[in-house]
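Participant: Here it is, the structure, as structure tokens.
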Amino acid sequence: MAALGLIALAAAFTLASWLGWWTIPLLGLIWGWLHPWIPIPERRAAEPPSRPAAEPSSRRATLTAALAGLLGWAIWLAIDTLAGGSGLGRLGPRLAGTMRQPLPLVLAVTLLFPALLAATAAAVGSVLAGLLRPGGPPAGAGSR
Amino acid sequence: MRAPKLQLFVSAVILGALLVLGFRGAGPLPPLGPLLDPANGAWALARGAEFPRQAEAPIPGLTGPVQVLYDDRGVPHIFAANELDAWRAQGYVLARDRLFQLELQTRAAAGTLAELVGPRALPADLADRRRGFPWAAERAYGSLDSTSQFRLAALAYADGVNAFIGGLNRAALPLEYRLLNARPARWEPINSYYLFLQMAYTLAWVDPALTRLEAQVLVGREAADALFPITSPIQEPIQPNGQSAPRYDLTPVPPPGPPDSTALVALRQQRSVETFLGRESEWSSAELPSRPAAQPSSRRGSEPLGSNNWAVAPQRTAAGYALLAGDPHLDLSLPSIWYEIHLNVAGGPDVAGVTFAGSPGVIIGWNRDVAWSFTNTGADVRDLYREGVDDSIRPTRYRLDGEWKPLEVREESVRDREGRVLAIDTVRFTHRGPLVEVLGHWRSIRWTPFEAKSTGEEFLRLARARDHVEWLHGWKDFVGPAQNGIVADRTGTIAIRSTGRFPVRPDSGRGDLIRDGSTRASDWIGYLPIERYPFAENPPQGYLASANQQPVDPRVNGAYLGANWYSGWRALRLNQLLRADSALTPDAIRRMQTDHHSARVDRFVPFLVAAGASPSAPPEARSAAQLLESWHRRYARADTAALLFEAVMDELEPLVWDELVPPRDPRADTARGLGRPAVVPEEGVLLRLLADSTSAWWDRRETGPRERRDAVLAEALRRGWNRTVERYGRPGEGWRWDRVHHTNIWHLLRMPALSALALKADAGPGTLNPSPGSGIHGASWRMVVELGPAVRAWTIYPGGQSGNPASARYDDRIPRWLAGDLDSALFPARAEELPAHRVRARLTLLPAR
């Protein structure tokens, strides 16, 4: 299920990027909202009766979003590399050069940027959901 | 995890920072989101690097479908039903390949660069406004009536450009816009006019008065006139003078006279004008490592913006057909200044060649009957006038013939990208042109390109010419800057005419003087009639050639056209090669275009060798002379003597022209104890000195005994040898020309990553294949056309058709250009004639609904 979620989210990021890069944090936020933060002791306590055992933790939701964000844009680059002839090969060094950075770093930034966007947005969404959604943790929860 | 609120806070802060980086960028960083996004950002440019095999696009105003076939060289062949549709399509395909260049080039003339690149362009924008470019463009464009061909063409062209901009998807936005965080502006028809102004500025914003004044201050008027003469000492004119060999007018140069301090004020003012309005104000991006040290004062075989063109009559070609060649030498850039195109109008022009991004039609090229090319005449078409004004700070009137005349006043606002006003300047104009204040004095400027109304229309006419007569007629009203237009037609006729307005001045007729503006008697009294333009048609010698030399022998036509002509080195070599071959082929012409033998070296080396062989010459001078003597005098990549020769000539300059070194020269080279001359005469004048071994100019002021020629040459050899050894080690591989001298093709924003730098070429200063100075100039286009039963053409330029760095066509022509190769250009009369295997993409342009 976790793998499926990752694939679905990565696909969503890939498709939504067509509309604009800003869809990454938006989807991340929604993803986080759908996976609310629950304090560990309470989750442990609540798991058997009220939550499915496989309910991912907030951290897992954040990591999934990060990985999916990275994959979402990597898919674009992969498609362009496969379908676009050597255009990407020509562009990469030149684009990196305009930024005065080595190509591997620019590629890394290109992939880390959506990953960080998705992850932080998912974390925000998750915590907000945990705090605001009905059934969320009580006030003061988690302050162990 | 400690607390949800802390986690929320930390995540939100990071997310916020990422969003700021994504939407706004930081410092020099453009917004990262739209830049890095692989779907629509910079990476997406790779997806659109090559055109789809089939595509359609709408253009408003189009009267019918236009078919555009891109061949395997990336050249669009446009097949349209009428000329207006062809120009609409031309605007569209240019925008498709060169959108950023279109905008940057015209903004550079319109004084609106800051709106694209930000405040760093403010000085350049202000200079444009002060030069009166917007004033001239608006005046000229506004005066065109609704039937003007140029106006119609510019409007149609704008339709095409704007149709592309309107349909531009985010993924196709050129990289430069992303880096600048800008969007393409709507294209205005007047932009085509700005483009011609920019070209005129590049070619003809010069005034020989400055250099002559610099010399006059130091060595007096008589010597200055001799050092910066109106006529060239080397006479190998464009208009043949009936001689079978060049003529050298090597009369002695008058000795240096006492400094003329009375000229100092005029000099300071002239310098200030140039600083205020001239190239010192040019914009350069922060990315640019300082523009390679130009040598504005030196004319050492390195005049950058020269060009070659020549035509050979059928009796001197192997196939019996006229041949025409052209290679304009301009700033090399990526994308190239040129774009290759073929426009085929049903029942109308069928023309191919190159155009500027932003100009309807073809500038240099061929049609089914004629071929043509241009070189810059270098005429003196700009004058300065001393003006009297009613208020030294904010004048509103100027004095003319004893009366006060109102000044035309414009408020010029330079804005940034957000539309904020960066600066407001008041620009004033007399009836002559822009008025500028320098050091408390007011000067007005008259310049022929300001008087052009229809520049651009001539090029549209040339496309329709059916023979040389129609071509010459279509070209006769061209205002400027004057060009040596060469033409050959299928009947075998060859002709050349230096065309453009040549001002006729009162009294001495010279344009290298600052004139009194208080009277109309100082104004130009007209223009040279076309009958007196330098001209030749089917000369007995069987060929015509121009390389920016003085166009007409002053013994044949004494009219003042200009001063300080380029050294005739390329003209000498070109004529030498053309005289030597009476069965020329297109391939022989191609080899001539890339010839790197130096006529300049031919003239100077014998003197250097003789001086170095003297028993009194120091050992280093002898070594240098021996190496130069064995040199084949070509600037080939593997050459080891070219470097030495250039070093010797560089050392010779301050030794010979030490009288032209200003006192307390801030440029003084303390290491060598020598300053550099403020101005250096063209090398033809040095040739005059070499013919006079006892001239007073050979004497060095810093030494006691009076030197003669050979002693100074030997000293230059010694210094040149030592300098070369010091910098590059002992003679050998380290002295290879291609290790030291390179061709550098900079991107328009001067970003190294998008440029092609340190290229190795067989080329040097003053050779037919030129590469002077820092290697940023050169043959921007090479073309050979054979005017046989079917016109055939071979072409190349250093760059590629696409402005997209992800495209294979961004710089694909550079290796062949460096190798001296030409591509065979396709010139199909109908779309069906274009071989299917050479068609790479089809674009159908349709009337917009």
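As shown in the structure tokens, the chain order sets the letters A, B, ...; within each chain, residues go from 1, and ligands are also counted from 1 in the order they appear.
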Can you tell me which residues surround segment 651-654 of chain B at a distance of at most 8 Å, considering only C-alpha atoms, apart from same-chain residues fewer than 4 positions away, and format the answer as a list in words?

Facilitator: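 Here the answer would be Ala647, Asp658, Val661, Leu674, Gly675, Arg676, Pro677, Val680, Val712, Leu713, Ala716, Leu717, Arg719 and Gly720 of chain B.
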
Participant: Among segment 202-399 of chain B, which residues does DSSP mark as strand (DSSP E or B) when it is run on the backbone? Keep the chain and numbering as in the structure and answer as an NGL selection string.

Facilitator: :B and (234-235 or 247-248 or 307-312 or 317 or 322-331 or 333-334 or 338-345 or 350-356 or 364-366 or 370-376 or 382-387 or 389 or 397-399)

Participant: Using only C-alpha atoms, select each residue of chain B with any atom at most 9 Å away from an atom of chain A, and give the selection as a ChimeraX atom specification.

Facilitator: /B:1-5,7-15,18-19,22-23,29,32-34,36-50,175,179,287,751-754,804-808

Participant: Give me the residues within 6 Å of Leu845 of chain B as a ChimeraX atom specification, counting only C-alpha atoms and dropping any in the same chain fewer than 6 places off.

Facilitator: /B:56-58,65-66

Participant: Between atom CA of Pro551 of chain B and atom CA of Asn484 of chain B, what is the spacing in Å?

Facilitator: 8.2 Å

Participant: Identify, on the basis of only C-alpha atoms, every residue whose closest approach to Ser413 of chain B does not exceed 8 Å; exclude the query and any residue fewer than 5 positions from it along the same chain; express the result as a ChimeraX atom specification.

Facilitator: /B:421-425

Participant: Could the residues in this selection be written to a file with N, CA, C and O atoms, as a PDB file, in the first residue's frame?

Facilitator:
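So the final result, stored in out_4.pdb, reads:
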```pdb
ATOM      1  N   VAL B 421      10.104  54.597 -12.703  1.00  0.00           N
ATOM      2  CA  VAL B 421      11.007  55.524 -13.404  1.00  0.00           C
ATOM      3  C   VAL B 421      12.382  55.490 -12.734  1.00  0.00           C
ATOM      4  O   VAL B 421      12.503  55.739 -11.539  1.00  0.00           O
ATOM      5  N   LEU B 422      13.380  55.170 -13.504  1.00  0.00           N
ATOM      6  CA  LEU B 422      14.748  55.139 -12.985  1.00  0.00           C
ATOM      7  C   LEU B 422      15.431  56.489 -13.153  1.00  0.00           C
ATOM      8  O   LEU B 422      16.258  56.875 -12.342  1.00  0.00           O
ATOM      9  N   ALA B 423      15.105  57.155 -14.239  1.00  0.00           N
ATOM     10  CA  ALA B 423      15.720  58.461 -14.502  1.00  0.00           C
ATOM     11  C   ALA B 423      14.884  59.216 -15.523  1.00  0.00           C
ATOM     12  O   ALA B 423      14.227  58.612 -16.368  1.00  0.00           O
ATOM     13  N   ILE B 424      14.932  60.520 -15.374  1.00  0.00           N
ATOM     14  CA  ILE B 424      14.279  61.379 -16.360  1.00  0.00           C
ATOM     15  C   ILE B 424      15.343  62.306 -16.920  1.00  0.00           C
ATOM     16  O   ILE B 424      16.143  62.868 -16.167  1.00  0.00           O
ATOM     17  N   ASP B 425      15.386  62.418 -18.211  1.00  0.00           N
ATOM     18  CA  ASP B 425      16.383  63.275 -18.839  1.00  0.00           C
ATOM     19  C   ASP B 425      15.673  64.178 -19.843  1.00  0.00           C
ATOM     20  O   ASP B 425      14.709  63.758 -20.482  1.00  0.00           O
TER      21      ASP B 425
END
```

Participant: If I take atom CA of Met649 of chain B and atom CA of Arg600 of chain B, how far is one from the other in Å, to one decimal?

Facilitator: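 Going from atom CA of Met649 of chain B over to atom CA of Arg600 of chain B covers 11.0 Å.
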
Participant: Enter the distance from atom CA of Leu116 of chain B to atom CA of Arg417 of chain B, in Å, rounded to one decimal.

Facilitator: 5.9 Å

Participant: Can you check which residues of segment 683-746 of chain B DSSP gives as helix (DSSP H, G or I) on the backbone and send them as a VMD selection string?

Facilitator: chain B and resid 683 to 690 696 to 698 709 to 728 733 to 735 737 to 740

Participant: So that I can check the surroundings of segment 124-140 of chain B, please list as an MDAnalysis selection string every protein, DNA and RNA residue that reaches within 7 Å of it, counting only C-alpha atoms and ignoring chain neighbours fewer than 6 positions away.

Facilitator: chainID B and resid 109:113 193:194 276:277 281:283 412 414 427 434 450 452:453

Participant: May I have the residues within 12 Å of Glu715 of chain B as number ranges by chain, using only C-alpha atoms and disregarding those fewer than 4 positions away in the same chain?

Facilitator: B: 608, 611-612, 614, 616-622, 624-625, 648-656, 698, 700, 707-711, 719-722

Participant: Keeping N, CA and C atoms, export the residues of the selection given above as a tab-separated table (two decimals), in the first residue's frame.

Facilitator:
```
chain	number	residue	atom	x	y	z
B	608	LEU	N	61.88	44.85	-41.27
B	608	LEU	CA	62.31	44.30	-39.98
B	608	LEU	C	63.50	43.36	-40.16
B	611	ALA	N	66.62	45.35	-40.81
B	611	ALA	CA	67.11	46.01	-39.60
B	611	ALA	C	67.75	45.00	-38.66
B	612	GLY	N	67.15	43.81	-38.57
B	612	GLY	CA	67.68	42.78	-37.66
B	612	GLY	C	68.98	42.19	-38.16
B	614	SER	N	71.35	43.84	-39.46
B	614	SER	CA	72.43	44.82	-39.34
B	614	SER	C	73.44	44.36	-38.29
B	616	SER	N	74.96	45.96	-36.23
B	616	SER	CA	74.81	46.64	-34.94
B	616	SER	C	73.58	46.18	-34.17
B	617	ALA	N	72.77	45.33	-34.79
B	617	ALA	CA	71.55	44.90	-34.11
B	617	ALA	C	71.87	43.97	-32.96
B	618	PRO	N	71.17	44.07	-31.86
B	618	PRO	CA	71.43	43.16	-30.73
B	618	PRO	C	71.06	41.71	-31.10
B	619	PRO	N	71.62	40.74	-30.38
B	619	PRO	CA	71.41	39.32	-30.76
B	619	PRO	C	69.93	38.93	-30.79
B	620	GLU	N	69.15	39.47	-29.83
B	620	GLU	CA	67.72	39.12	-29.82
B	620	GLU	C	67.04	39.61	-31.09
B	621	ALA	N	67.46	40.79	-31.55
B	621	ALA	CA	66.86	41.33	-32.78
B	621	ALA	C	67.23	40.45	-33.96
B	622	ARG	N	68.44	39.93	-33.95
B	622	ARG	CA	68.85	39.06	-35.06
B	622	ARG	C	68.05	37.77	-35.04
B	624	ALA	N	65.10	37.36	-33.83
B	624	ALA	CA	63.73	37.68	-34.24
B	624	ALA	C	63.65	37.84	-35.76
B	625	ALA	N	64.62	38.53	-36.30
B	625	ALA	CA	64.61	38.78	-37.75
B	625	ALA	C	64.74	37.47	-38.51
B	648	VAL	N	56.33	42.40	-31.88
B	648	VAL	CA	57.27	43.40	-32.40
B	648	VAL	C	56.50	44.65	-32.83
B	649	MET	N	55.39	44.44	-33.54
B	649	MET	CA	54.61	45.59	-34.00
B	649	MET	C	54.04	46.37	-32.81
B	650	ASP	N	53.70	45.64	-31.77
B	650	ASP	CA	53.18	46.29	-30.57
B	650	ASP	C	54.26	47.12	-29.89
B	651	GLU	N	55.47	46.59	-29.90
B	651	GLU	CA	56.58	47.33	-29.31
B	651	GLU	C	56.97	48.52	-30.17
B	652	LEU	N	56.82	48.36	-31.47
B	652	LEU	CA	57.20	49.42	-32.40
B	652	LEU	C	56.33	50.66	-32.21
B	653	GLU	N	55.08	50.41	-31.90
B	653	GLU	CA	54.10	51.51	-31.82
B	653	GLU	C	54.56	52.66	-30.91
B	654	PRO	N	54.87	52.39	-29.64
B	654	PRO	CA	55.30	53.51	-28.78
B	654	PRO	C	56.69	54.02	-29.11
B	655	LEU	N	57.50	53.18	-29.77
B	655	LEU	CA	58.84	53.66	-30.14
B	655	LEU	C	58.74	54.68	-31.25
B	656	VAL	N	57.88	54.40	-32.22
B	656	VAL	CA	57.76	55.31	-33.36
B	656	VAL	C	56.93	56.53	-32.99
B	698	TRP	N	61.45	58.98	-36.44
B	698	TRP	CA	62.19	57.82	-35.93
B	698	TRP	C	62.96	58.16	-34.66
B	700	ARG	N	63.75	59.03	-31.02
B	700	ARG	CA	63.03	58.80	-29.76
B	700	ARG	C	63.37	59.91	-28.80
B	707	GLU	N	67.97	58.85	-33.47
B	707	GLU	CA	67.88	57.53	-34.08
B	707	GLU	C	67.38	57.60	-35.52
B	708	ARG	N	67.73	56.54	-36.22
B	708	ARG	CA	67.18	56.36	-37.56
B	708	ARG	C	66.30	55.11	-37.56
B	709	ARG	N	65.71	54.90	-38.69
B	709	ARG	CA	64.72	53.83	-38.82
B	709	ARG	C	65.23	52.47	-38.33
B	710	ASP	N	66.36	52.03	-38.85
B	710	ASP	CA	66.77	50.66	-38.57
B	710	ASP	C	67.09	50.44	-37.09
B	711	ALA	N	67.58	51.48	-36.45
B	711	ALA	CA	67.86	51.34	-35.02
B	711	ALA	C	66.56	51.14	-34.24
B	719	ARG	N	62.85	44.03	-28.26
B	719	ARG	CA	61.82	44.04	-27.20
B	719	ARG	C	60.74	43.00	-27.48
B	720	GLY	N	60.37	42.88	-28.73
B	720	GLY	CA	59.34	41.89	-29.08
B	720	GLY	C	59.80	40.49	-28.78
B	721	TRP	N	61.06	40.21	-29.10
B	721	TRP	CA	61.63	38.87	-28.84
B	721	TRP	C	61.64	38.60	-27.33
B	722	ASN	N	62.18	39.56	-26.59
B	722	ASN	CA	62.28	39.36	-25.14
B	722	ASN	C	60.89	39.18	-24.51
```

Participant: Smallest atom-to-atom distance to Leu4 of chain A: which of A:Ala68, A:Leu132, A:Leu105, A:Leu34, using only C-alpha atoms?

Facilitator: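 Closest candidate: A:Ala68.
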